[in-house]
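Novice: Got a structure for you, start06.cif, holding mmCIF, C-alpha atoms.
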```
data_my_file
#
loop_
_atom_site.label_atom_id
_atom_site.label_comp_id
_atom_site.auth_asym_id
_atom_site.auth_seq_id
_atom_site.Cartn_x
_atom_site.Cartn_y
_atom_site.Cartn_z
CA MET A 141 -36.34 77.92 87.31
CA ASP A 142 -37.92 77.90 90.77
CA PHE A 143 -41.69 78.05 91.05
CA GLU A 144 -43.92 78.52 94.00
CA ASN A 145 -46.11 75.45 94.22
CA GLU A 146 -49.74 76.05 93.33
CA SER A 147 -52.65 74.68 95.35
CA PHE A 148 -56.28 74.28 94.29
CA ASP A 149 -59.23 73.47 96.53
CA LEU A 150 -61.60 71.16 94.63
CA ARG A 151 -63.56 69.96 97.64
CA GLY A 152 -67.33 69.60 97.45
CA GLN A 153 -67.53 69.71 93.66
CA ILE A 154 -69.80 67.43 91.65
CA CYS A 155 -68.20 64.18 90.63
CA PRO A 156 -66.59 64.63 87.19
CA SER A 157 -65.95 68.35 87.65
CA THR A 158 -63.20 67.58 90.16
CA LEU A 159 -61.27 65.55 87.59
CA LEU A 160 -62.06 67.87 84.66
CA THR A 161 -60.97 70.95 86.62
CA ALA A 162 -57.74 69.23 87.77
CA LEU A 163 -56.92 68.16 84.21
CA LYS A 164 -57.62 71.68 82.97
CA LYS A 165 -55.20 73.14 85.56
CA ILE A 166 -52.54 70.55 84.65
CA ASN A 167 -52.88 71.27 80.92
CA GLU A 168 -52.70 75.04 81.47
CA ARG A 169 -49.39 74.61 83.37
CA LYS A 170 -47.64 72.06 81.15
CA THR A 171 -44.51 74.19 80.68
CA GLN A 172 -44.16 75.14 84.34
CA LEU A 173 -44.66 71.51 85.39
CA LYS A 174 -41.79 70.51 83.07
CA GLU A 175 -39.64 73.13 84.78
CA GLY A 176 -40.35 71.91 88.29
CA LEU A 177 -43.74 73.24 89.37
CA ILE A 178 -45.67 71.06 91.81
CA LEU A 179 -49.47 71.26 91.68
CA GLU A 180 -51.46 70.36 94.76
CA PHE A 181 -55.17 69.53 94.67
CA LYS A 182 -57.34 69.27 97.77
CA VAL A 183 -60.00 66.69 96.98
CA ASP A 184 -62.79 65.02 98.99
CA ASN A 185 -64.38 63.09 96.13
CA ARG A 186 -63.26 59.46 96.52
CA ASP A 187 -63.63 58.73 92.82
CA ALA A 188 -61.45 61.68 91.79
CA ILE A 189 -58.76 60.67 94.32
CA ASN A 190 -58.26 57.63 92.11
CA THR A 191 -58.88 59.14 88.69
CA ILE A 192 -56.70 62.29 89.00
CA PRO A 193 -53.47 60.31 89.67
CA GLU A 194 -54.45 57.76 87.00
CA SER A 195 -54.97 60.45 84.35
CA ALA A 196 -51.83 62.36 85.41
CA THR A 197 -49.76 59.17 85.09
CA ARG A 198 -51.09 58.67 81.56
CA MET A 199 -49.97 62.23 80.77
CA GLY A 200 -46.45 61.42 81.98
CA TYR A 201 -46.56 63.00 85.43
CA ARG A 202 -45.82 61.55 88.85
CA PHE A 203 -48.02 61.93 91.90
CA ASP A 204 -48.28 61.64 95.68
CA VAL A 205 -51.52 61.12 97.58
CA GLU A 206 -51.71 62.09 101.23
CA LYS A 207 -54.70 61.89 103.54
CA SER A 208 -55.50 65.01 105.53
CA HIS A 209 -58.40 65.98 107.82
CA GLY A 210 -61.56 65.15 105.88
CA PHE A 211 -59.89 65.30 102.48
CA TYR A 212 -56.91 64.14 100.44
CA LYS A 213 -53.99 66.12 99.00
CA ILE A 214 -52.84 65.05 95.55
CA LYS A 215 -49.50 66.39 94.37
CA ILE A 216 -48.74 66.29 90.63
CA TYR A 217 -45.21 66.86 89.35
CA LYS A 218 -42.77 65.87 86.57
CA MET B 134 -95.21 46.25 109.74
CA SER B 135 -92.47 47.64 111.98
CA SER B 136 -90.35 44.57 111.19
CA VAL B 137 -90.59 45.46 107.47
CA PHE B 138 -89.43 48.99 108.23
CA ILE B 139 -86.51 47.83 110.41
CA LEU B 140 -85.33 45.14 107.97
CA LEU B 141 -85.39 47.59 105.06
CA LEU B 142 -83.56 50.15 107.17
CA ILE B 143 -80.79 47.61 107.92
CA ILE B 144 -80.48 46.73 104.22
CA GLY B 145 -80.36 50.44 103.38
CA ILE B 146 -77.57 51.02 105.92
CA ILE B 147 -75.53 48.15 104.45
CA ALA B 148 -76.12 49.47 100.91
CA GLY B 149 -75.16 53.04 101.86
CA PHE B 150 -72.00 51.88 103.60
CA VAL B 151 -71.00 49.67 100.67
CA MET B 152 -71.74 52.35 98.06
CA HIS B 153 -69.64 54.91 99.90
CA ARG B 154 -66.70 52.54 100.41
CA SER B 155 -66.67 51.39 96.79
CA ASP B 156 -67.92 54.66 95.28
CA PHE B 157 -70.57 52.63 93.50
CA CYS B 158 -71.96 55.34 91.25
CA VAL B 159 -73.99 54.25 88.21
CA ALA B 160 -73.82 57.77 86.75
CA SER B 161 -70.02 57.76 86.75
CA MET B 162 -69.80 54.18 85.45
CA LEU B 163 -71.82 55.08 82.35
CA ARG B 164 -70.53 58.65 82.00
CA ASP B 165 -66.84 57.64 82.10
CA ILE B 166 -67.35 55.48 79.01
CA PHE B 167 -68.28 58.55 76.97
CA MET B 168 -66.23 61.18 78.78
CA PHE B 169 -62.94 59.39 79.42
CA ASN B 170 -63.17 56.15 77.36
CA ARG B 171 -62.98 54.34 80.69
CA PHE B 172 -64.64 50.92 80.79
CA ASP B 173 -63.19 49.27 83.90
CA THR B 174 -65.87 50.46 86.35
CA VAL B 175 -68.92 49.54 84.27
CA PHE B 176 -68.14 45.83 84.69
CA SER B 177 -69.35 46.02 88.29
CA LEU B 178 -72.72 47.14 86.95
CA PHE B 179 -72.79 44.02 84.74
CA PHE B 180 -71.94 41.86 87.77
CA LEU B 181 -74.73 43.52 89.73
CA LEU B 182 -77.29 42.98 86.96
CA LEU B 183 -76.33 39.34 86.34
CA MET B 184 -76.28 38.43 90.04
CA SER B 185 -79.58 40.27 90.71
CA ALA B 186 -81.26 38.51 87.78
CA ALA B 187 -80.05 35.12 89.08
CA LEU B 188 -81.16 35.87 92.66
CA TYR B 189 -84.59 37.13 91.54
CA LEU B 190 -85.13 33.90 89.60
CA LEU B 191 -83.92 31.82 92.55
CA LEU B 192 -86.46 33.55 94.81
CA PHE B 193 -89.12 33.05 92.14
CA PHE B 194 -88.34 29.31 91.82
CA THR B 195 -88.67 28.88 95.56
CA GLY B 196 -92.05 30.64 95.50
CA LEU B 197 -90.89 33.54 97.67
CA ILE B 198 -91.55 36.28 95.10
CA ASP B 199 -93.78 36.76 92.10
CA ILE B 200 -92.36 38.36 88.97
CA SER B 201 -95.62 38.76 87.08
CA HIS B 202 -95.65 42.53 87.76
CA PRO B 203 -98.87 43.66 89.38
CA TRP B 204 -97.11 47.04 89.63
CA ALA B 205 -96.59 47.51 85.85
CA GLY B 206 -97.69 50.82 84.34
CA MET B 207 -97.93 52.20 80.84
CA VAL B 208 -95.03 51.26 78.59
CA GLY B 209 -93.89 53.10 75.47
CA GLY B 210 -92.28 56.33 74.39
CA ARG B 211 -92.38 57.74 77.93
CA GLN B 212 -89.66 55.29 79.03
CA PHE B 213 -87.43 56.08 76.05
CA ILE B 214 -87.80 59.88 76.29
CA GLY B 215 -87.64 59.71 80.09
CA GLY B 216 -84.45 57.65 79.80
CA ILE B 217 -82.79 60.29 77.60
CA ILE B 218 -83.63 63.13 79.98
CA PHE B 219 -82.72 61.06 83.02
CA GLY B 220 -79.35 60.05 81.53
CA ALA B 221 -78.40 63.68 80.86
CA GLY B 222 -79.69 64.71 84.29
CA MET B 223 -77.72 62.18 86.31
CA VAL B 224 -74.47 63.18 84.58
CA LEU B 225 -75.07 66.85 85.37
CA ALA B 226 -76.12 66.05 88.95
CA GLY B 227 -73.01 63.89 89.46
CA GLY B 228 -75.05 60.89 90.61
CA CYS B 229 -78.32 59.05 90.12
CA VAL B 230 -81.19 59.01 92.61
CA ILE B 231 -79.29 56.80 95.08
CA GLY B 232 -75.79 57.98 94.12
CA THR B 233 -76.98 61.43 95.17
CA LEU B 234 -78.13 59.97 98.50
CA TYR B 235 -74.87 58.30 99.52
CA LYS B 236 -72.95 61.42 98.49
CA ILE B 237 -75.21 63.58 100.67
CA GLY B 238 -74.55 61.12 103.51
CA SER B 239 -70.82 61.79 103.21
CA GLY B 240 -71.41 65.56 103.33
CA ASN B 241 -71.38 66.52 99.65
CA VAL B 242 -73.19 69.84 99.30
CA SER B 243 -73.56 69.70 95.49
CA SER B 244 -75.44 66.40 95.82
CA PHE B 245 -77.76 68.00 98.35
CA PHE B 246 -78.61 70.67 95.79
CA ALA B 247 -79.10 67.96 93.17
CA PHE B 248 -81.59 66.39 95.60
CA ILE B 249 -83.46 69.71 95.87
CA GLY B 250 -83.49 69.71 92.05
CA ILE B 251 -85.07 66.22 92.03
CA LEU B 252 -87.88 67.44 94.30
CA CYS B 253 -88.44 70.49 92.08
CA GLY B 254 -88.52 68.32 88.94
CA SER B 255 -91.07 65.96 90.52
CA PHE B 256 -93.20 68.91 91.56
CA VAL B 257 -93.16 70.52 88.10
CA TYR B 258 -94.23 67.19 86.59
CA ALA B 259 -97.18 67.13 89.01
CA VAL B 260 -98.12 70.67 87.93
CA ILE B 261 -98.22 69.85 84.22
CA TYR B 262 -99.33 66.23 84.70
CA PRO B 263 -102.71 66.40 82.89
CA GLU B 264 -101.18 67.92 79.73
CA ILE B 265 -98.03 65.82 79.61
CA SER B 266 -99.92 62.65 80.45
CA ASN B 267 -102.08 63.17 77.34
CA ILE B 268 -99.05 63.69 75.12
CA ALA B 269 -97.11 60.74 76.59
CA GLY B 270 -100.21 58.56 76.27
CA ARG B 271 -100.06 58.87 72.48
CA LEU B 272 -96.68 57.14 72.52
CA ASP B 273 -97.73 54.25 74.74
CA ILE B 274 -97.40 50.75 73.33
CA THR B 275 -99.06 48.71 76.05
CA SER B 276 -100.40 48.91 79.58
CA SER B 277 -99.57 45.30 80.34
CA PHE B 278 -96.28 43.96 81.52
CA VAL B 279 -94.25 42.52 78.64
CA SER B 280 -91.22 40.45 79.53
CA LEU B 281 -88.86 38.50 77.32
CA TYR B 282 -89.48 35.59 79.72
CA SER B 283 -93.09 35.36 78.54
CA LEU B 284 -92.34 36.07 74.87
CA ILE B 285 -89.80 33.34 74.23
CA HIS B 286 -90.65 29.87 75.36
CA ILE B 287 -87.41 28.87 77.00
CA PRO B 288 -87.64 27.49 80.54
CA MET B 289 -86.56 30.09 83.08
CA PHE B 290 -84.11 27.64 84.58
CA TYR B 291 -81.93 28.01 81.47
CA PHE B 292 -81.91 31.78 81.99
CA PHE B 293 -80.79 31.19 85.57
CA ILE B 294 -77.92 28.98 84.37
CA PHE B 295 -77.05 31.58 81.70
CA TYR B 296 -76.78 34.38 84.29
CA LEU B 297 -74.47 32.31 86.49
CA VAL B 298 -72.29 31.21 83.54
CA ALA B 299 -72.10 34.77 82.19
CA PHE B 300 -71.14 36.01 85.68
CA ALA B 301 -68.41 33.35 85.97
CA MET B 302 -67.10 34.01 82.46
CA LEU B 303 -66.89 37.77 83.08
CA PHE B 304 -65.19 37.10 86.42
CA PHE B 305 -62.48 34.86 84.93
CA PHE B 306 -62.03 37.06 81.86
CA LEU B 307 -61.34 40.14 84.00
CA LYS B 308 -59.23 38.16 86.47
CA ASN B 309 -57.02 36.85 83.66
CA LYS B 310 -56.67 40.38 82.25
CA ASN B 311 -55.85 41.61 85.78
CA LYS B 312 -58.80 44.00 85.58
CA LEU B 313 -61.14 42.52 88.18
CA PHE B 314 -59.82 44.71 90.96
CA LEU B 315 -59.20 48.44 90.64
CA LYS B 316 -56.22 50.34 92.00
CA SER B 317 -57.16 52.83 94.67
CA HIS B 318 -55.49 55.47 96.81
CA VAL B 319 -58.38 56.02 99.23
CA TYR B 320 -58.61 54.53 102.70
CA GLY B 321 -61.14 51.76 103.36
CA PHE B 322 -61.73 51.11 99.67
CA LEU B 323 -64.09 48.25 98.90
CA GLN B 324 -63.56 46.74 95.47
CA PRO B 325 -66.61 47.44 93.26
CA PHE B 326 -66.74 43.74 92.36
CA TYR B 327 -67.45 42.82 96.00
CA ALA B 328 -69.81 45.79 96.26
CA SER B 329 -71.80 44.57 93.25
CA VAL B 330 -72.29 41.14 94.86
CA ILE B 331 -73.31 42.61 98.24
CA LEU B 332 -75.66 45.12 96.57
CA SER B 333 -77.32 42.41 94.48
CA PHE B 334 -78.11 40.56 97.73
CA CYS B 335 -79.48 43.84 99.16
CA LEU B 336 -81.73 44.23 96.10
CA ALA B 337 -82.92 40.63 96.36
CA GLY B 338 -83.55 41.16 100.09
CA ILE B 339 -85.67 44.22 99.35
CA PHE B 340 -87.61 42.27 96.69
CA LEU B 341 -88.15 39.46 99.18
CA ILE B 342 -89.48 41.81 101.89
CA THR B 343 -91.50 44.26 99.80
CA LYS B 344 -92.43 41.70 97.12
CA MET B 345 -91.45 44.19 94.45
CA PRO B 346 -88.20 45.64 93.06
CA LEU B 347 -86.62 48.65 94.76
CA GLY B 348 -88.21 51.99 93.99
CA ILE B 349 -87.10 55.38 95.27
CA THR B 350 -88.55 58.30 93.36
CA SER B 351 -92.20 57.90 94.41
CA THR B 352 -91.04 58.91 97.87
CA TYR B 353 -89.21 61.93 96.42
CA THR B 354 -92.53 62.89 94.79
CA LYS B 355 -94.23 62.57 98.17
CA PHE B 356 -91.59 64.91 99.62
CA SER B 357 -92.38 67.47 96.91
CA ALA B 358 -96.11 66.99 97.67
CA PHE B 359 -95.34 67.70 101.32
CA PHE B 360 -93.67 71.01 100.44
CA ALA B 361 -96.60 71.93 98.16
CA HIS B 362 -98.92 71.21 101.10
CA LEU B 363 -96.79 73.44 103.34
CA ILE B 364 -97.22 76.32 100.90
CA SER B 365 -101.01 75.95 100.83
CA SER B 366 -103.32 72.97 101.24
CA ASP B 367 -105.69 74.36 98.56
CA TYR B 368 -102.75 74.66 96.18
CA TYR B 369 -101.76 71.09 96.99
CA GLU B 370 -105.30 69.76 96.48
CA SER B 371 -105.42 71.34 93.02
CA PHE B 372 -102.94 68.78 91.66
CA SER B 373 -104.64 65.55 90.63
CA TYR B 374 -101.26 63.82 90.29
CA PHE B 375 -100.84 63.66 94.08
CA SER B 376 -104.09 61.72 94.47
CA ASN B 377 -102.97 58.97 92.07
CA THR B 378 -102.84 55.55 93.68
CA VAL B 379 -99.64 53.94 92.41
CA LEU B 380 -99.40 51.03 94.81
CA ASN B 381 -102.05 48.55 95.87
CA TYR B 382 -101.13 44.95 96.53
CA HIS B 383 -101.02 42.23 99.14
CA ASN B 384 -97.62 41.81 100.76
CA SER B 385 -97.29 38.20 101.86
CA PHE B 386 -94.13 38.92 103.89
CA ALA B 387 -95.98 41.32 106.19
CA ASP B 388 -99.29 39.55 105.52
CA SER B 389 -101.07 42.83 104.89
CA ASP B 390 -102.39 44.98 102.08
CA ILE B 391 -100.08 47.81 101.10
CA SER B 392 -101.30 50.79 99.13
CA GLY B 393 -99.95 54.23 98.49
CA LYS B 394 -100.64 57.52 96.74
CA LEU B 395 -98.21 60.18 95.57
CA GLY B 396 -99.59 62.66 98.11
CA TYR B 397 -97.74 63.65 101.27
CA HIS B 398 -99.55 61.32 103.72
CA PHE B 399 -97.66 58.45 105.33
CA ASP B 400 -98.73 55.28 103.52
CA GLY B 401 -97.40 52.10 101.91
CA ILE B 402 -94.95 53.95 99.65
CA TYR B 403 -93.21 55.55 102.63
CA LEU B 404 -93.27 52.21 104.44
CA ILE B 405 -91.30 50.37 101.75
CA GLN B 406 -89.11 53.16 100.34
CA LEU B 407 -88.35 55.58 103.16
CA PRO B 408 -86.37 53.11 105.34
CA VAL B 409 -84.09 52.32 102.40
CA ILE B 410 -83.54 56.04 101.74
CA ILE B 411 -82.81 56.77 105.41
CA GLY B 412 -80.60 53.67 105.57
CA ILE B 413 -78.47 54.71 102.57
CA LEU B 414 -77.98 58.17 104.06
CA ALA B 415 -77.07 56.70 107.46
CA GLY B 416 -74.82 53.95 106.07
CA SER B 417 -72.84 56.40 103.98
CA PHE B 418 -72.64 58.83 106.92
CA PHE B 419 -71.26 56.09 109.22
CA SER B 420 -68.74 55.06 106.58
CA ALA B 421 -67.49 58.62 106.02
CA LEU B 422 -67.37 59.30 109.76
CA ASN B 423 -65.49 56.07 110.41
CA LEU B 424 -62.89 57.06 107.80
CA LYS B 425 -62.78 60.64 109.16
CA GLU B 426 -63.82 61.78 105.69
CA PHE B 427 -67.13 63.43 106.52
CA SER B 428 -66.87 67.05 105.48
CA VAL B 429 -69.29 69.74 104.38
CA ASN B 430 -67.78 72.27 102.02
CA PHE B 431 -69.66 75.26 100.65
CA HIS B 432 -66.76 76.78 98.69
CA ILE B 433 -68.02 75.50 95.37
CA PRO B 434 -68.10 77.43 92.08
CA LEU B 435 -71.59 78.93 91.71
CA LYS B 436 -71.88 77.41 88.24
CA GLN B 437 -71.67 73.94 89.76
CA PHE B 438 -74.58 74.60 92.12
CA PHE B 439 -76.74 75.44 89.12
CA ILE B 440 -75.49 72.42 87.17
CA ALA B 441 -76.31 70.13 90.12
CA VAL B 442 -79.80 71.61 90.61
CA ALA B 443 -80.51 71.43 86.86
CA GLY B 444 -79.31 67.80 86.73
CA GLY B 445 -81.49 66.91 89.71
CA PHE B 446 -84.46 68.68 88.15
CA LEU B 447 -84.11 66.65 84.95
CA MET B 448 -83.88 63.41 86.96
CA GLY B 449 -86.93 64.23 89.06
CA PHE B 450 -89.03 65.25 86.06
CA SER B 451 -88.00 62.34 83.83
CA SER B 452 -88.42 59.67 86.51
CA ARG B 453 -92.05 60.79 86.86
CA LEU B 454 -92.52 60.80 83.11
CA ALA B 455 -91.00 57.34 82.69
CA GLY B 456 -92.80 55.92 85.72
CA GLY B 457 -89.50 55.08 87.42
CA CYS B 458 -85.83 55.96 87.68
CA ASN B 459 -82.63 54.08 86.90
CA VAL B 460 -82.93 52.11 90.14
CA TRP B 461 -86.41 50.90 89.23
CA TYR B 462 -85.63 50.08 85.61
CA LEU B 463 -81.98 48.98 85.72
CA PHE B 464 -81.84 47.22 89.09
CA GLY B 465 -85.42 45.99 89.19
CA GLN B 466 -86.97 45.63 85.76
CA LEU B 467 -83.97 44.94 83.53
CA PRO B 468 -83.09 41.72 85.40
CA LEU B 469 -86.76 40.74 84.86
CA LEU B 470 -86.31 41.36 81.11
CA ASP B 471 -89.04 43.99 81.04
CA LEU B 472 -89.79 45.85 77.79
CA GLY B 473 -90.05 49.17 79.67
CA ALA B 474 -86.54 48.67 81.03
CA TYR B 475 -85.13 48.12 77.54
CA LEU B 476 -86.80 51.31 76.34
CA PHE B 477 -85.48 53.23 79.36
CA LEU B 478 -81.95 51.88 78.82
CA GLY B 479 -82.24 52.68 75.10
CA GLY B 480 -82.84 56.31 76.03
CA LEU B 481 -80.48 56.40 79.00
CA LEU B 482 -77.28 55.76 77.05
CA PRO B 483 -77.69 58.57 74.48
CA GLY B 484 -78.82 60.78 77.36
CA VAL B 485 -75.62 60.04 79.28
CA TRP B 486 -73.61 60.78 76.12
CA MET B 487 -75.37 64.15 75.68
CA GLY B 488 -74.97 65.02 79.35
CA SER B 489 -71.25 64.13 79.25
CA LYS B 490 -70.55 66.31 76.23
CA PHE B 491 -72.56 69.20 77.66
CA LEU B 492 -70.88 69.00 81.06
CA GLU B 493 -67.42 68.85 79.47
CA LYS B 494 -68.24 72.06 77.58
CA LEU B 495 -69.51 73.74 80.73
CA ILE B 496 -66.52 72.87 82.89
CA VAL B 497 -63.60 72.85 80.46
CA GLY B 498 -65.01 75.34 77.97
#
```
Go ahead and render the structure in this file as structure tokens.
Specialist:
Amino acid sequence: MDFENESFDLRGQICPSTLLTALKKINERKTQLKEGLILEFKVDNRDAINTIPESATRMGYRFDVEKSHGFYKIKIYK
Amino acid sequence: MSSVFILLLIIGIIAGFVMHRSDFCVASMLRDIFMFNRFDTVFSLFFLLLMSAALYLLLFFTGLIDISHPWAGMVGGRQFIGGIIFGAGMVLAGGCVIGTLYKIGSGNVSSFFAFIGILCGSFVYAVIYPEISNIAGRLDITSSFVSLYSLIHIPMFYFFIFYLVAFAMLFFFLKNKNKLFLKSHVYGFLQPFYASVILSFCLAGIFLITKMPLGITSTYTKFSAFFAHLISSDYYESFSYFSNTVLNYHNSFADSDISGKLGYHFDGIYLIQLPVIIGILAGSFFSALNLKEFSVNFHIPLKQFFIAVAGGFLMGFSSRLAGGCNVWYLFGQLPLLDLGAYLFLGGLLPGVWMGSKFLEKLIVG
């Protein structure tokens, strides 16, 4: 099944909320991620740029991190 | 005096730069233990404490600093209760009193609101100071400085050796487990291990110049006094808390007497704390700008603004109640084995646990 990729802007949030919100979004879309959905998070919190991919890996997902203008894009996919 | 200000400003800039590059956040180090069962970042806090303790003793042995605490206040329940509230507050605010600063420097809007919360918390403490001071006084154990150094009769040199050995053992243990250095995807990342060593030298440098451990929140209280004065000078004068003299000592580095009150006037407190605060903001700003990561974003869920302000409020209030914040007790007094620091830490950890659980409920539901 083809999905349109989903993007979430998590910039400016307080420290753990960035990770907690990202994990919540990932958990809510478990089935779609298995079927090919790619989630993209825009993040400017340096800690979360490390912890989101780390947590996603532990959950069995793959990731890409790309630097953009003043923030990072993290893509999570199966 | 201007040399003191400039030297502290330079140290502050270095500290701010280093904290931003390594994301050296005490709140997240402690919070992640309870929230995510993550222990790898808290080791840098251990490195910082061990190295600071060793450097403080080295400066003491060479006669450059005194660790007999002319600045000690009342010690007792206020540190424990203050520690609990502070721990919960810094988790909600997403950073402690200096974590908030370096995050503001990189453009984080939530941290700015947490800072406003700290000022509000300090101000509310000043408003209810006479009442709360009476209640807290009933829980006081002593007004003198009590350190483990003076209680157990072991030469301080052995403590110095212990700190260095413990530092080396932790270093080799983590190195062998391949856990000394963290993986990172951000540009310009400075390993927290290196950051902890640099920051411990910054702390020792501040101790050497000011002749006392780093303090921050008295200046935040002076900021809140300034705003109270702006509202009305009569209103400001009605608070006895702002006329309290909290600093009065001879600084041998500057060869002058330094004193300070919690009121808004420029005095010794501003002289020794403000340059560090400005420096951390500037250092973090330079770092973020250099990495092209400085960004100000206002599109934040409204709930998070309130969480940040509430967290800041709790930190501001509790640091006044406890007579110091995490910087004062963890970075300054704990390496000096102070009883007040143990009580603060004893409260801080359950506070962080409570804050973590509460925040998880608020965000995840």
Novice: Can you turn the PyMOL selection byres ((chain B) within 8 of (chain A)) into a concrete residue list for this file, as a PyMOL selection string?
Specialist: chain B and resi 156+161+226-228+241-244+316-319+425-434+437+441+493+496-497
Novice: Could you tell me how far atom CA of Asn170 of chain B sits from atom CA of Gly222 of chain B, in Å to one decimal place?
Specialist: 19.9 Å
Novice: Atom CA of Ile231 of chain B and atom CA of Ile251 of chain B, how far apart in Å?
Specialist: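 About the pair atom CA of Ile251 of chain B and atom CA of Ile231 of chain B: they are 11.5 Å apart.
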Novice: Go through A:Lys182, A:Thr171, A:Gly176, A:Asn145 and flag the residue nearest Arg202 of chain A, using all atoms listed in the file for the distances.
Specialist: A:Gly176
Novice: Please identify all polymer residues within 12 Å of Tyr475 of chain B, counting all atoms listed in the file, omitting same-chain residues fewer than 4 positions from it, and present them as a count of residues only.
Specialist: 23
Novice: What is the distance between atom CA of Lys344 of chain B and atom CA of Ile143 of chain B, in Å to one decimal?
Specialist: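 If I compute the distance from atom CA of Lys344 of chain B to atom CA of Ile143 of chain B, I get 16.9 Å.
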Novice: So, counting all atoms listed in the file, which residue among B:Leu313, B:Phe167, B:Gly338, B:Ser333 is closest to Ala221 of chain B?
Specialist: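 Using all atoms listed in the file, Ala221 of chain B sits closest to B:Phe167.
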Novice: Care to translate the PyMOL selection byres ((chain A and resi 169) around 12) into actual residues of this file, as a VMD selection string?
Specialist: chain A and resid 143 145 to 146 162 to 168 170 to 179 216 to 218
Novice: Just say which residues the PyMOL selection byres ((chain B and resi 362-375) around 9) picks in this file, as an MDAnalysis selection string.
Specialist: chainID B and resid 258:263 354:355 357:361 376:378 394:397
Novice: Can you pull out every residue within 8 Å of Val137 of chain B, counting all atoms listed in the file, but drop anything in the same chain fewer than 5 positions away, and send it as a PyMOL selection string?
Specialist: chain B and resi 342-343+387+404-405
Novice: Using only C-alpha atoms, which residue out of B:Ser155, B:Ser239, B:Thr233, B:Thr275 lies closest to Phe418 of chain B?
Specialist: B:Ser239
Novice: As number ranges by chain, please: the residues near Ser452 of chain B (cut-off 8 Å, only C-alpha atoms, same-chain neighbours under 3 positions excluded).
Specialist: B: 215, 219, 255, 350, 448-449, 455-458
Novice: Please dump the current selection as a CSV table (one decimal), keeping the file's coordinate frame; keep C-alpha atoms.
Specialist:
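In the end it all went to again-v8.csv:
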```csv
chain,number,residue,atom,x,y,z
B,215,GLY,CA,-87.6,59.7,80.1
B,219,PHE,CA,-82.7,61.1,83.0
B,255,SER,CA,-91.1,66.0,90.5
B,350,THR,CA,-88.6,58.3,93.4
B,448,MET,CA,-83.9,63.4,87.0
B,449,GLY,CA,-86.9,64.2,89.1
B,455,ALA,CA,-91.0,57.3,82.7
B,456,GLY,CA,-92.8,55.9,85.7
B,457,GLY,CA,-89.5,55.1,87.4
B,458,CYS,CA,-85.8,56.0,87.7
```
Novice: May I have the residues within 12 Å of His153 of chain B as an MDAnalysis selection string, using all atoms listed in the file and disregarding those fewer than 2 positions away in the same chain?
Specialist: (chainID A and resid 185:187) or (chainID B and resid 146:151 155:158 231:241 319:325 328 332 413:424 426:427)
Novice: Applying 7 Å and all atoms listed in the file, which residues near segment 442-446 of chain B remain after dropping the ones on its own chain fewer than 2 positions away? List them as a compact mmCIF listing (two decimals) with C-alpha atoms, keeping the file's coordinate frame.
Specialist:
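Printed below is result.txt as written:
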```txt
# COMPACT_ATOMS: atom_id res chain seq x y z
CA GLY B 222 -79.69 64.71 84.29
CA MET B 223 -77.72 62.18 86.31
CA LEU B 225 -75.07 66.85 85.37
CA ALA B 226 -76.12 66.05 88.95
CA PHE B 246 -78.61 70.67 95.79
CA ALA B 247 -79.10 67.96 93.17
CA PHE B 248 -81.59 66.39 95.60
CA ILE B 249 -83.46 69.71 95.87
CA GLY B 250 -83.49 69.71 92.05
CA ILE B 251 -85.07 66.22 92.03
CA CYS B 253 -88.44 70.49 92.08
CA GLY B 254 -88.52 68.32 88.94
CA PHE B 438 -74.58 74.60 92.12
CA PHE B 439 -76.74 75.44 89.12
CA ILE B 440 -75.49 72.42 87.17
CA MET B 448 -83.88 63.41 86.96
CA GLY B 449 -86.93 64.23 89.06
CA PHE B 450 -89.03 65.25 86.06
```
Novice: Output as a PDB file, in the frame of the given file: segment 415-422 of chain B, completed with N, CA and C atoms.
Specialist:
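Written file, rebuild20.pdb:
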```
ATOM      1  N   ALA B 415     -77.737  57.029 106.196  1.00  0.00           N
ATOM      2  CA  ALA B 415     -77.070  56.700 107.460  1.00  0.00           C
ATOM      3  C   ALA B 415     -75.828  55.841 107.223  1.00  0.00           C
ATOM      4  N   GLY B 416     -75.952  54.843 106.346  1.00  0.00           N
ATOM      5  CA  GLY B 416     -74.820  53.950 106.070  1.00  0.00           C
ATOM      6  C   GLY B 416     -73.636  54.702 105.509  1.00  0.00           C
ATOM      7  N   SER B 417     -73.912  55.605 104.587  1.00  0.00           N
ATOM      8  CA  SER B 417     -72.840  56.400 103.980  1.00  0.00           C
ATOM      9  C   SER B 417     -72.237  57.353 105.020  1.00  0.00           C
ATOM     10  N   PHE B 418     -73.106  57.915 105.867  1.00  0.00           N
ATOM     11  CA  PHE B 418     -72.640  58.830 106.920  1.00  0.00           C
ATOM     12  C   PHE B 418     -71.701  58.088 107.890  1.00  0.00           C
ATOM     13  N   PHE B 419     -72.096  56.882 108.304  1.00  0.00           N
ATOM     14  CA  PHE B 419     -71.260  56.090 109.220  1.00  0.00           C
ATOM     15  C   PHE B 419     -69.913  55.793 108.570  1.00  0.00           C
ATOM     16  N   SER B 420     -69.971  55.411 107.304  1.00  0.00           N
ATOM     17  CA  SER B 420     -68.740  55.060 106.580  1.00  0.00           C
ATOM     18  C   SER B 420     -67.792  56.255 106.522  1.00  0.00           C
ATOM     19  N   ALA B 421     -68.322  57.414 106.133  1.00  0.00           N
ATOM     20  CA  ALA B 421     -67.490  58.620 106.020  1.00  0.00           C
ATOM     21  C   ALA B 421     -66.952  59.039 107.385  1.00  0.00           C
ATOM     22  N   LEU B 422     -67.792  58.924 108.403  1.00  0.00           N
ATOM     23  CA  LEU B 422     -67.370  59.300 109.760  1.00  0.00           C
ATOM     24  C   LEU B 422     -66.278  58.367 110.255  1.00  0.00           C
TER      25      LEU B 422
END
```
